[in-house]
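Enquirer: See input.cif below, with mmCIF, C-alpha atoms and all ligand atoms.
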data_run
loop_
_atom_site.label_atom_id
_atom_site.label_comp_id
_atom_site.auth_asym_id
_atom_site.auth_seq_id
_atom_site.Cartn_x
_atom_site.Cartn_y
_atom_site.Cartn_z
CA MET A 4 35.92 29.32 21.82
CA GLY A 5 36.00 29.05 25.52
CA ARG A 6 36.07 26.52 28.18
CA ARG A 7 33.44 24.22 26.73
CA TYR A 8 35.23 23.87 23.39
CA HIS A 9 38.44 23.12 25.23
CA SER A 10 36.83 20.48 27.38
CA VAL A 11 35.34 18.81 24.29
CA ARG A 12 38.77 18.81 22.74
CA ARG A 13 40.28 17.46 25.89
CA LEU A 14 37.68 14.74 26.00
CA TYR A 15 38.45 13.85 22.44
CA ARG A 16 42.12 13.58 23.26
CA GLN A 17 41.26 10.82 25.72
CA PRO A 18 42.62 7.77 23.91
CA ILE A 19 39.72 5.55 24.95
CA LEU A 20 37.12 7.87 23.42
CA ARG A 21 39.08 8.20 20.23
CA VAL A 22 39.29 4.46 19.92
CA LEU A 23 35.55 4.11 20.57
CA PHE A 24 34.71 6.78 18.04
CA ALA A 25 36.95 5.20 15.41
CA LEU A 26 35.36 1.81 16.12
CA PHE A 27 31.88 3.28 15.74
CA LEU A 28 32.80 4.87 12.41
CA LEU A 29 34.28 1.61 11.22
CA CYS A 30 31.20 -0.43 12.21
CA ASP A 31 28.84 2.09 10.66
CA THR A 32 30.80 2.12 7.41
CA LEU A 33 30.83 -1.68 7.27
CA HIS A 34 27.10 -1.70 8.01
CA ILE A 35 26.42 0.65 5.11
CA LEU A 36 28.73 -1.19 2.71
CA ASN A 37 27.00 -4.42 3.66
CA ILE A 38 23.63 -2.89 2.75
CA TYR A 39 25.08 -1.56 -0.50
CA TRP A 40 26.42 -4.99 -1.51
CA THR A 41 23.26 -6.79 -0.44
CA GLN A 42 21.21 -4.44 -2.60
CA ALA A 43 23.49 -4.94 -5.58
CA ALA A 44 23.11 -8.72 -5.16
CA ALA A 45 19.31 -8.39 -4.89
CA ARG A 46 19.24 -6.45 -8.17
CA ARG A 47 21.21 -9.24 -9.87
CA SER A 48 18.82 -11.94 -8.63
CA PRO A 49 17.41 -14.24 -11.34
CA PRO A 50 14.11 -13.34 -13.01
CA PRO A 51 10.94 -14.58 -11.30
CA PRO A 52 9.55 -18.00 -12.34
CA ARG A 53 6.68 -18.38 -14.81
CA ASN A 54 3.17 -18.48 -13.41
CA THR A 55 1.71 -21.75 -12.11
CA ARG A 56 -1.32 -20.27 -10.33
CA ARG A 57 -4.91 -19.57 -11.22
CA ILE A 58 -5.39 -15.87 -10.88
CA TYR A 59 -8.43 -13.68 -10.40
CA ILE A 60 -7.51 -10.15 -11.48
CA ALA A 61 -9.58 -7.50 -9.70
CA ALA A 62 -9.59 -3.84 -10.69
CA GLN A 63 -11.79 -0.87 -10.04
CA HIS A 64 -11.70 2.23 -12.22
CA TRP A 65 -12.93 5.78 -11.85
CA ASN A 66 -11.72 8.58 -14.13
CA THR A 67 -8.62 6.67 -15.10
CA ALA A 68 -8.82 7.00 -18.91
CA ARG A 69 -5.41 8.58 -19.10
CA VAL A 70 -3.36 5.82 -17.47
CA LEU A 71 -5.62 3.22 -19.08
CA ARG A 72 -4.71 4.48 -22.54
CA GLU A 73 -1.13 5.30 -21.71
CA ARG A 74 -0.19 1.87 -20.36
CA TRP A 75 -2.70 -0.05 -18.24
CA ASN A 76 -4.88 -1.56 -21.01
CA ASN A 77 -1.94 -2.94 -23.00
CA SER A 78 -0.10 -4.03 -19.84
CA LEU A 79 -3.15 -5.99 -18.75
CA VAL A 80 -3.31 -7.81 -22.08
CA ALA A 81 0.43 -8.56 -21.95
CA LEU A 82 0.03 -9.75 -18.35
CA ILE A 83 -2.83 -12.10 -19.21
CA LYS A 84 -0.78 -13.63 -22.03
CA GLU A 85 2.17 -14.06 -19.68
CA LEU A 86 0.06 -15.67 -16.94
CA GLY A 87 -1.73 -17.91 -19.46
CA ILE A 88 -5.19 -16.98 -20.76
CA GLU A 89 -6.67 -20.21 -19.36
CA ASN A 90 -5.33 -19.39 -15.86
CA VAL A 91 -6.93 -15.98 -15.56
CA TYR A 92 -10.27 -14.38 -14.79
CA VAL A 93 -10.61 -10.60 -15.10
CA SER A 94 -13.10 -8.60 -13.03
CA ILE A 95 -13.30 -4.86 -13.62
CA TYR A 96 -15.82 -2.49 -12.06
CA GLU A 97 -16.23 1.09 -13.17
CA SER A 98 -18.82 3.57 -12.06
CA GLY A 99 -19.63 7.20 -12.66
CA SER A 100 -16.49 8.31 -14.49
CA TYR A 101 -16.90 11.68 -16.20
CA ASP A 102 -13.89 11.24 -18.50
CA ASP A 103 -13.91 8.56 -21.22
CA THR A 104 -12.88 5.64 -18.97
CA LYS A 105 -15.95 3.72 -20.14
CA ASP A 106 -14.89 3.99 -23.81
CA VAL A 107 -11.39 2.68 -23.11
CA LEU A 108 -12.81 -0.18 -21.04
CA ARG A 109 -15.23 -1.10 -23.85
CA GLU A 110 -12.30 -1.21 -26.24
CA LEU A 111 -10.36 -3.35 -23.77
CA ASP A 112 -13.38 -5.62 -23.34
CA ALA A 113 -13.46 -6.20 -27.10
CA THR A 114 -9.75 -7.10 -27.17
CA LEU A 115 -10.18 -9.50 -24.24
CA GLY A 116 -13.15 -11.00 -26.05
CA GLU A 117 -11.07 -11.73 -29.14
CA LEU A 118 -8.50 -13.43 -26.92
CA GLN A 119 -11.28 -15.41 -25.19
CA VAL A 120 -10.33 -14.14 -21.77
CA LYS A 121 -12.93 -15.04 -19.13
CA ARG A 122 -14.14 -11.82 -17.58
CA THR A 123 -16.76 -9.55 -16.04
CA ILE A 124 -16.48 -5.89 -16.95
CA SER A 125 -19.21 -3.79 -15.31
CA LEU A 126 -19.73 -0.19 -16.32
CA SER A 127 -22.16 1.57 -14.01
CA ASP A 128 -23.77 4.96 -14.55
CA VAL A 129 -24.17 5.70 -10.85
CA SER A 130 -22.13 8.87 -10.20
CA HIS A 131 -20.77 10.34 -6.97
CA LYS A 132 -23.55 12.92 -7.29
CA ASP A 133 -26.21 10.16 -7.38
CA GLU A 134 -24.63 8.56 -4.32
CA ILE A 135 -24.47 11.68 -2.19
CA THR A 136 -27.96 12.91 -3.07
CA LYS A 137 -29.56 9.60 -2.06
CA GLN A 138 -31.64 9.46 1.10
CA PRO A 139 -29.10 8.75 3.89
CA GLY A 140 -29.24 5.06 4.81
CA ASP A 141 -28.44 3.15 7.98
CA HIS A 142 -24.81 2.57 7.11
CA GLY A 143 -22.00 4.70 5.75
CA TRP A 144 -23.45 8.13 6.61
CA ILE A 145 -22.04 10.40 9.24
CA LYS A 146 -22.72 13.73 10.90
CA ILE A 147 -19.90 16.10 9.97
CA PRO A 148 -18.76 19.10 12.06
CA SER A 149 -20.98 21.49 10.03
CA GLY A 150 -24.00 19.50 11.26
CA ASP A 151 -24.81 18.01 7.85
CA ILE A 152 -25.11 14.28 7.20
CA ALA A 153 -22.55 13.14 4.61
CA LEU A 154 -21.65 9.90 2.84
CA ARG A 155 -18.41 8.42 4.16
CA ARG A 156 -15.77 7.74 1.54
CA ILE A 157 -14.33 4.52 2.97
CA PRO A 158 -17.51 2.40 3.25
CA PHE A 159 -18.35 3.62 -0.27
CA LEU A 160 -14.97 2.46 -1.61
CA ALA A 161 -15.18 -0.80 0.33
CA ASN A 162 -18.50 -1.49 -1.35
CA LEU A 163 -17.00 -0.90 -4.82
CA ARG A 164 -14.10 -3.23 -4.08
CA ASN A 165 -16.51 -5.89 -2.88
CA GLN A 166 -18.45 -5.59 -6.15
CA VAL A 167 -15.22 -6.47 -7.97
CA LEU A 168 -14.98 -9.62 -5.82
CA GLN A 169 -18.55 -10.72 -6.48
CA PRO A 170 -17.85 -13.00 -9.51
CA LEU A 171 -15.15 -14.86 -7.53
CA GLU A 172 -17.79 -16.30 -5.25
CA THR A 173 -20.13 -17.24 -8.10
CA LEU A 174 -17.27 -18.88 -10.01
CA SER A 175 -16.21 -20.85 -6.97
CA SER A 176 -19.75 -22.14 -6.39
CA GLN A 177 -19.67 -23.36 -10.01
CA GLY A 178 -16.39 -25.18 -9.37
CA HIS A 179 -14.11 -22.65 -11.10
CA LEU A 180 -11.39 -22.07 -8.56
CA TYR A 181 -8.79 -19.32 -8.53
CA ASP A 182 -6.15 -19.61 -5.82
CA THR A 183 -4.88 -16.04 -5.98
CA VAL A 184 -6.59 -12.67 -6.18
CA LEU A 185 -4.49 -9.97 -7.82
CA PHE A 186 -5.73 -6.45 -7.08
CA LEU A 187 -4.52 -3.93 -9.65
CA ASN A 188 -4.83 -0.21 -9.00
CA ASP A 189 -4.69 2.32 -11.82
CA VAL A 190 -0.91 1.99 -11.99
CA VAL A 191 1.76 1.48 -14.61
CA PHE A 192 3.19 -2.05 -14.32
CA THR A 193 4.74 -4.78 -16.47
CA PRO A 194 4.05 -8.53 -16.53
CA GLN A 195 7.51 -9.06 -14.98
CA ASP A 196 6.51 -6.83 -12.04
CA VAL A 197 3.49 -9.05 -11.42
CA LEU A 198 5.51 -12.29 -11.69
CA ARG A 199 7.95 -10.87 -9.15
CA LEU A 200 5.09 -9.85 -6.88
CA LEU A 201 3.54 -13.33 -7.06
CA ASP A 202 6.94 -14.81 -6.18
CA THR A 203 7.35 -12.61 -3.05
CA ASN A 204 8.88 -14.56 -0.15
CA GLY A 205 9.15 -17.62 -2.39
CA GLY A 206 5.42 -17.44 -3.08
CA SER A 207 4.49 -17.89 0.59
CA TYR A 208 2.28 -15.10 1.97
CA GLY A 209 -1.24 -14.14 2.94
CA ALA A 210 -0.80 -10.88 1.05
CA ALA A 211 2.05 -9.35 -0.96
CA CYS A 212 2.17 -5.73 -2.14
CA SER A 213 4.20 -3.66 -4.53
CA LEU A 214 5.47 -0.20 -3.65
CA ASP A 215 3.76 2.73 -5.39
CA PHE A 216 5.12 6.04 -6.63
CA SER A 217 3.36 9.10 -7.90
CA ASN A 218 6.12 11.57 -7.24
CA PRO A 219 9.39 9.61 -6.79
CA PRO A 220 11.37 9.09 -4.64
CA TYR A 221 8.39 9.50 -2.29
CA PHE A 222 6.12 6.46 -2.08
CA TYR A 223 2.43 7.24 -2.41
CA ASP A 224 -0.03 5.35 -0.22
CA THR A 225 0.73 6.28 3.37
CA PHE A 226 -2.88 5.64 4.43
CA ALA A 227 -2.65 1.84 4.10
CA LEU A 228 0.99 1.11 4.93
CA ARG A 229 1.87 0.07 8.51
CA ASP A 230 5.17 -1.46 9.61
CA SER A 231 5.51 -4.76 11.49
CA ASN A 232 4.67 -2.96 14.75
CA GLY A 233 1.62 -1.26 13.24
CA HIS A 234 3.28 2.17 12.98
CA GLU A 235 3.12 4.51 10.00
CA ALA A 236 6.25 4.86 7.88
CA VAL A 237 8.80 7.15 9.53
CA MET A 238 9.76 8.66 6.15
CA GLN A 239 8.35 8.59 2.63
CA THR A 240 11.70 7.71 1.03
CA TRP A 241 13.85 4.61 1.41
CA PRO A 242 14.27 2.92 3.95
CA TYR A 243 10.76 4.09 4.99
CA PHE A 244 10.19 2.15 8.21
CA ARG A 245 10.41 2.62 11.96
CA SER A 246 10.20 -0.97 13.25
CA TYR A 247 13.44 -2.95 13.22
CA THR A 248 11.97 -5.94 11.39
CA SER A 249 10.46 -3.92 8.55
CA ARG A 250 13.47 -1.63 8.27
CA TYR A 251 16.00 -4.47 8.24
CA ALA A 252 14.25 -6.09 5.26
CA ALA A 253 13.63 -2.82 3.39
CA GLU A 254 17.29 -1.85 3.73
CA ARG A 255 18.29 -5.11 2.03
CA LEU A 256 15.45 -5.14 -0.55
CA LEU A 257 14.05 -8.34 1.00
CA PRO A 258 10.30 -8.99 1.37
CA VAL A 259 9.28 -6.61 4.17
CA PRO A 260 7.02 -8.03 6.90
CA VAL A 261 4.36 -5.40 7.56
CA ALA A 262 1.04 -5.21 9.39
CA SER A 263 -0.62 -3.71 6.32
CA CYS A 264 0.16 -2.51 2.81
CA TRP A 265 -1.68 -1.78 -0.42
CA ASN A 266 0.53 0.43 -2.59
CA GLY A 267 -0.51 -0.24 -6.16
CA MET A 268 -0.74 -4.01 -6.66
CA VAL A 269 -1.62 -6.69 -4.12
CA ALA A 270 -1.67 -10.45 -4.41
CA MET A 271 -3.73 -12.33 -1.81
CA ARG A 272 -4.69 -15.95 -1.43
CA SER A 273 -8.33 -16.43 -2.32
CA GLU A 274 -9.48 -18.88 0.42
CA PRO A 275 -10.34 -16.21 3.03
CA PHE A 276 -12.68 -14.57 0.49
CA LEU A 277 -14.56 -17.84 0.02
CA THR A 278 -15.26 -19.08 3.55
CA PRO A 279 -18.82 -19.19 4.98
CA SER A 280 -18.27 -15.80 6.62
CA PRO A 281 -16.02 -14.43 3.91
CA LEU A 282 -13.39 -11.73 4.21
CA ARG A 283 -14.65 -8.48 2.73
CA PHE A 284 -13.59 -4.85 2.49
CA ARG A 285 -15.18 -2.61 5.10
CA GLY A 286 -14.93 0.71 6.83
CA ILE A 287 -14.86 1.18 10.58
CA PRO A 288 -18.35 1.45 12.14
CA ASP A 289 -20.05 4.83 11.67
CA SER A 290 -20.31 5.14 15.46
CA LEU A 291 -16.51 4.96 15.72
CA GLY A 292 -16.02 7.23 12.70
CA SER A 293 -18.09 9.89 14.44
CA TYR A 294 -15.20 10.28 16.94
CA HIS A 295 -13.31 11.78 13.99
CA LEU A 296 -11.40 8.64 13.08
CA GLU A 297 -10.94 6.91 9.76
CA GLY A 298 -9.02 3.90 8.46
CA SER A 299 -8.38 2.62 4.96
CA GLU A 300 -10.48 -0.33 3.78
CA CYS A 301 -7.20 -1.61 2.33
CA CYS A 302 -5.62 -1.69 5.80
CA LEU A 303 -8.67 -3.08 7.62
CA ILE A 304 -8.75 -6.04 5.23
CA HIS A 305 -5.36 -7.15 6.58
CA ALA A 306 -6.54 -6.61 10.14
CA ASP A 307 -9.50 -8.90 9.40
CA ASN A 308 -7.69 -11.51 7.29
CA PRO A 309 -6.86 -14.59 9.43
CA GLN A 310 -3.99 -15.34 7.02
CA SER A 311 -2.19 -12.13 8.00
CA ALA A 312 -1.13 -13.87 11.21
CA THR A 313 -0.56 -17.34 9.76
CA ARG A 314 1.11 -16.53 6.42
CA GLY A 315 2.13 -12.93 6.76
CA VAL A 316 1.74 -9.65 4.89
CA PHE A 317 4.78 -8.58 2.87
CA LEU A 318 5.70 -5.51 0.94
CA ASN A 319 8.06 -6.39 -1.91
CA PRO A 320 10.44 -3.45 -2.35
CA MET A 321 11.71 -4.95 -5.62
CA VAL A 322 8.32 -4.42 -7.22
CA GLN A 323 7.81 -0.72 -7.89
CA VAL A 324 4.89 0.70 -9.81
CA GLY A 325 3.98 4.27 -10.80
CA TYR A 326 0.76 6.24 -11.13
CA ASN A 327 1.91 7.46 -14.53
CA GLY A 328 4.57 6.61 -17.09
CA THR A 329 6.96 9.27 -15.86
CA ALA A 330 6.88 8.03 -12.27
CA TYR A 331 7.35 4.43 -13.43
CA ASP A 332 10.28 5.28 -15.67
CA VAL A 333 11.98 7.33 -12.96
CA VAL A 334 11.91 4.55 -10.35
CA HIS A 335 13.17 2.06 -12.94
CA SER A 336 15.99 4.21 -14.26
CA LYS A 337 19.60 3.42 -13.42
CA SER A 338 19.85 6.69 -11.51
CA ALA A 339 17.17 5.52 -9.05
CA GLU A 340 19.61 2.97 -7.60
CA ILE A 341 20.92 4.45 -4.37
CA SER A 342 24.69 5.07 -4.18
CA ALA A 343 26.71 4.09 -1.12
CA PHE A 344 26.70 7.74 -0.07
CA GLY A 345 22.94 7.94 -0.65
CA ILE A 346 22.52 4.89 1.58
CA TYR A 347 24.63 6.56 4.25
CA THR A 348 22.56 9.76 4.34
CA ALA A 349 19.23 7.88 4.13
CA ILE A 350 20.17 5.56 7.00
CA TRP A 351 21.12 8.56 9.12
CA GLU A 352 17.98 10.46 8.18
CA ASN A 353 15.98 7.42 9.25
CA ARG A 354 17.88 7.17 12.55
CA ILE A 355 17.49 10.83 13.36
CA ARG A 356 13.79 10.74 12.56
CA ARG A 357 13.31 7.67 14.74
CA TRP A 358 15.26 9.16 17.62
CA THR A 359 13.61 12.56 17.52
CA THR A 360 9.98 11.63 16.82
CA SER A 361 7.53 9.22 18.36
CA PRO A 362 4.32 7.74 16.96
CA LEU A 363 2.94 7.58 20.51
CA PHE A 364 1.24 10.98 20.49
CA LYS A 365 -0.76 10.33 17.31
CA GLU A 366 -1.51 6.76 18.36
CA SER A 367 -2.67 7.71 21.84
CA VAL A 368 -5.18 10.19 20.40
CA VAL A 369 -6.63 7.33 18.35
CA HIS A 370 -6.46 4.90 21.26
CA SER A 371 -8.30 7.16 23.70
CA ARG A 372 -11.12 7.73 21.17
CA VAL A 373 -11.45 4.00 20.52
CA LYS A 374 -11.54 3.48 24.29
CA LYS A 375 -14.34 6.04 24.74
CA TRP A 376 -16.28 4.38 21.93
CA ARG A 377 -15.91 0.93 23.49
CA LYS A 378 -16.96 2.19 26.90
CA LYS A 379 -20.43 2.94 25.51
CA ASP A 380 -20.92 -0.71 24.64
CA PRO A 381 -18.55 -3.46 25.76
CA ALA A 382 -19.57 -5.58 22.75
CA ARG A 383 -17.86 -3.06 20.47
CA GLU A 384 -14.56 -4.13 19.02
CA GLU A 385 -12.17 -2.80 16.37
CA ARG A 386 -9.38 -5.14 15.31
CA GLY A 387 -7.92 -2.55 12.98
CA GLU A 388 -6.99 0.14 15.48
CA PHE A 389 -3.49 0.33 13.95
CA CYS A 390 -5.11 1.44 10.68
CA LEU A 391 -6.84 4.45 12.21
CA VAL A 392 -5.90 8.08 11.87
CA ASN A 393 -7.37 11.32 13.17
CA GLU A 394 -9.26 12.10 9.96
CA MET A 395 -12.77 12.05 8.50
CA HIS A 396 -13.31 11.52 4.76
CA VAL A 397 -16.57 12.25 2.97
CA LEU A 398 -17.57 12.00 -0.65
CA HIS A 399 -18.40 15.00 -2.79
CA GLU A 400 -19.45 15.38 -6.39
CA ASN A 401 -15.99 15.33 -7.94
CA GLY A 402 -14.17 13.18 -5.43
CA TRP A 403 -13.82 13.38 -1.68
CA ARG A 404 -12.63 15.73 1.04
CA HIS A 405 -11.41 15.88 4.60
CA VAL A 406 -13.78 17.28 7.19
C1 LIG B 1 -5.22 0.93 -25.24
O1 LIG B 1 -5.45 2.30 -25.53
C2 LIG B 1 -4.71 2.79 -26.63
C3 LIG B 1 -4.97 4.28 -26.75
O2 LIG B 1 -6.35 4.54 -26.82
C4 LIG B 1 -5.09 2.01 -27.91
O3 LIG B 1 -4.30 2.43 -29.00
C5 LIG B 1 -4.89 0.51 -27.67
O4 LIG B 1 -5.36 -0.22 -28.77
C6 LIG B 1 -5.64 0.08 -26.43
N1 LIG B 1 -5.35 -1.32 -26.15
C7 LIG B 1 -6.29 -2.20 -25.78
C8 LIG B 1 -5.82 -3.57 -25.51
O5 LIG B 1 -7.46 -1.89 -25.64
C1 LIG B 2 3.11 12.16 -13.60
O1 LIG B 2 2.76 12.60 -12.31
C2 LIG B 2 3.62 13.59 -11.78
C3 LIG B 2 3.22 13.85 -10.34
O2 LIG B 2 1.84 13.82 -10.15
C4 LIG B 2 3.52 14.83 -12.67
O3 LIG B 2 4.38 15.84 -12.19
C5 LIG B 2 3.91 14.45 -14.11
O4 LIG B 2 3.76 15.56 -14.96
C6 LIG B 2 3.04 13.31 -14.59
N1 LIG B 2 3.51 12.87 -15.90
C7 LIG B 2 2.68 12.61 -16.90
C8 LIG B 2 3.29 12.14 -18.16
O5 LIG B 2 1.46 12.74 -16.79
#
Here is the file; what I need is its structure written in the form of structure tokens.
Ligand SMILES: *[C@@H]1O[C@H](CO)[C@@H](O)[C@H](O)[C@H]1NC(C)=O
Ligand SMILES: *[C@@H]1O[C@H](CO)[C@@H](O)[C@H](O)[C@H]1NC(C)=O
Expert:
Amino acid sequence: MGRRYHSVRRLYRQPILRVLFALFLLCDTLHILNIYWTQAAARRSPPPPRNTRRIYIAAQHWNTARVLRERWNNSLVALIKELGIENVYVSIYESGSYDDTKDVLRELDATLGELQVKRTISLSDVSHKDEITKQPGDHGWIKIPSGDIALRRIPFLANLRNQVLQPLETLSSQGHLYDTVLFLNDVVFTPQDVLRLLDTNGGSYGAACSLDFSNPPYFYDTFALRDSNGHEAVMQTWPYFRSYTSRYAAERLLPVPVASCWNGMVAMRSEPFLTPSPLRFRGIPDSLGSYHLEGSECCLIHADNPQSATRGVFLNPMVQVGYNGTAYDVVHSKSAEISAFGIYTAIWENRIRRWTTSPLFKESVVHSRVKKWRKKDPAREERGEFCLVNEMHVLHENGWRHV
């Protein structure tokens, strides 16, 4: 006890403060109930419309036999039937898996063949080991702190993703046009999830993403997700975001305007990939990476896509996918719906995190390195600064590591 406690009590006895406090509680409660009701309405929304688009499905696989067998292969077949076999082209690229991914993909290829699905399924024998023991080339290699020269992970991945896009260009030059590219990660999904994704924001977007879960309720891909102000998520659970615009939409389960997302499945319009200087996946320049910076190829693509500004990038919080069956089932169970009390605590956790932390420190480290890099040559430019983090990723035999 003591004087301070008394003065707090005395303050509280001031009628005006009591009224203000009661008003605040009332407004906050109404705010939270409003979110609760809006979410309930969103969950009752009608099912997404049937597909009317021509869709190029792009997927890249590496050591994914388990999820392929568990769900992905059959989901893909069900999806193609739902979208209409004549509306779909499938492009799958696999390389260097040391589990039996190739066998499952051969089996899938045979099934797609019986259904007369148009497709390119490439199985390559080039392994990570082959890649990293090559003679270092002009691009994609970097000097790591130990002094060794190592192969950067991101340009390597960007190259794989571009391989998956290759047939799109050939098809287009032959007059076979696909208006939408659907990128599918090695995730568990249903045809309904994809229809809902395609219908994001009434079907109007440059890119639309699902939300991915490996270990619910935490979303997975923090490396590629940036809110409408280009900041990282403030928390890995709902409502995720720092910026007002992104948070407002996420709280109400509306399409969330973001600067970048990838998170499991992504639908993008195909035109930017087919212009004379086409949009492609890339890493940041090696010279910039050597300042100990890295950015996801899946974020940089949004930074480079002219349609990000004109049509927008949206994360659809109603489309949730999982990296295995358990994760998928958990996020789709009745118990995953947040209660009014759960909303209350999550909203406050988000507020407290926003009020007590700032992205400025992390972002200024990145900014000052980019500035140093640009000073060396004024022609240097990096549009995707918001994608960058203070990391360096290099490939090794069984995967990749931080250095
Ligand atoms: C998917 O994999 C499972 C398990 O190996 C198999 O039973 C099923 O036939 C496969 N489906 C397709 C379409 O390849
Ligand atoms: C799914 O992934 C989670 C987290 O990685 C793991 O704990 C769980 O055992 C996995 N479930 C299955 C069926 O593999």
Enquirer: Check every protein, DNA and RNA residue against ligand LIG 1 (chain B), keep those with an atom at most 7 Å away (counting only C-alpha atoms and all ligand atoms), and present them as JSON, numbers by chain.
Expert: {"A": [71, 72, 73, 76, 77, 80, 107, 110, 111, 114]}
Enquirer: Set out as JSON lines a contact list for chain A and ligand LIG 2 (chain B) with a cut-off of 8 Å, giving each residue of chain A that qualifies its closest atom pair and distance in Å to one decimal, counting all atoms listed in the file, ordered by chain and rising residue number.
Expert:
{"residue": "A:Ser217", "atom": "CA", "partner": "B:LIG2", "partner_atom": "C3", "distance": 5.3}
{"residue": "A:Asn218", "atom": "CA", "partner": "B:LIG2", "partner_atom": "C3", "distance": 4.8}
{"residue": "A:Tyr326", "atom": "CA", "partner": "B:LIG2", "partner_atom": "O1", "distance": 6.8}
{"residue": "A:Asn327", "atom": "CA", "partner": "B:LIG2", "partner_atom": "C1", "distance": 4.9}
{"residue": "A:Gly328", "atom": "CA", "partner": "B:LIG2", "partner_atom": "C8", "distance": 5.8}
{"residue": "A:Thr329", "atom": "CA", "partner": "B:LIG2", "partner_atom": "N1", "distance": 5.0}
{"residue": "A:Ala330", "atom": "CA", "partner": "B:LIG2", "partner_atom": "C1", "distance": 5.7}
Enquirer: Skip region 240-247 of chain A itself and residues of its chain fewer than 2 positions away, then list as a list of chain:residue names all residues within 7 Å of it, counting all atoms listed in the file.
Expert: A:Pro220, A:Tyr221, A:Phe222, A:Asp230, A:Ser231, A:Asn232, A:Ala236, A:Val237, A:Met238, A:Ser249, A:Arg250, A:Tyr251, A:Ala253, A:Glu254, A:Ala349, A:Arg357
Enquirer: I'd like to know which of A:Val369, A:Ser100, A:Gly325, A:His34 is closest to Ser130 (chain A), using all atoms listed in the file.
Expert: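 Nearest to Ser130 (chain A): A:Ser100.
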Enquirer: Report as a tab-separated table: every residue of region 39-154 of chain A with an atom at most 7 Å from region 283-298 of chain A, its closest pair of atoms, and their distance in Å to one decimal, counting only C-alpha atoms, with rows sorted by chain and ascending residue number.
Expert:
residue	atom	partner	partner_atom	distance
A:His142	CA	A:Asp289	CA	7.0
A:Gly143	CA	A:Asp289	CA	6.2
A:Trp144	CA	A:Asp289	CA	6.9
A:Ile145	CA	A:Asp289	CA	6.4
A:Lys146	CA	A:Ser293	CA	7.0
Enquirer: In Å, rounded to a single decimal, give me how far CA of Arg57 (chain A) is from CA of Leu86 (chain A).
Expert: 8.5 Å
Enquirer: Which is closest to Leu28 (chain A) among A:Tyr347, A:Trp40, A:Trp265, A:Tyr331, if we use all atoms listed in the file?
Expert: A:Tyr347
Enquirer: Find the nearest atom pair between each residue of region 18-75 of chain A and region 168-172 of chain A for residues within 10 Å, count all atoms listed in the file, give distances in Å to one decimal, sort rows by chain and ascending number, and present the table as a tab-separated table.
Expert:
residue	atom	partner	partner_atom	distance
A:Tyr59	CA	A:Leu171	CA	7.4
A:Ile60	CA	A:Leu168	CA	9.4
A:Ala61	CA	A:Leu168	CA	7.0
A:Ala62	CA	A:Leu168	CA	9.3
Enquirer: With a distance cut-off of 8 Å and only C-alpha atoms, select the neighbouring residues of Val93 (chain A), excluding the residue or stretch itself and same-chain residues fewer than 2 positions from it, and output the selection as a ChimeraX atom specification.
Expert: /A:59-61,91,95,120-124
Enquirer: Have a look at CA of Ser338 (chain A) and CA of Ser263 (chain A) and let me know their distance in Å, one decimal.
Expert: 29.1 Å
Enquirer: Tell me which of A:Ala211, A:Ser273, A:Arg74, A:Ser342 sits closest to Ile58 (chain A), counting only C-alpha atoms.
Expert: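 Of all the options, A:Ser273 lies closest to Ile58 (chain A).
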Enquirer: Restricting the calculation to only C-alpha atoms, which member of A:Leu391, A:Asp102, A:Lys132, A:Asp112 is positioned closest to Arg229 (chain A)?
Expert: A:Leu391
Enquirer: Here is a test: counting all atoms listed in the file, which residue of A:Arg199, A:Arg109, A:Arg386, A:Arg56 is nearest to Ala306 (chain A)?
Expert: A:Arg386
Enquirer: Which of these residues is nearest to Gly267 (chain A), using all atoms listed in the file: A:Ser213, A:Ser48, A:Ser311, A:Thr225?
Expert: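 Distance minimum relative to Gly267 (chain A) lands on A:Ser213.
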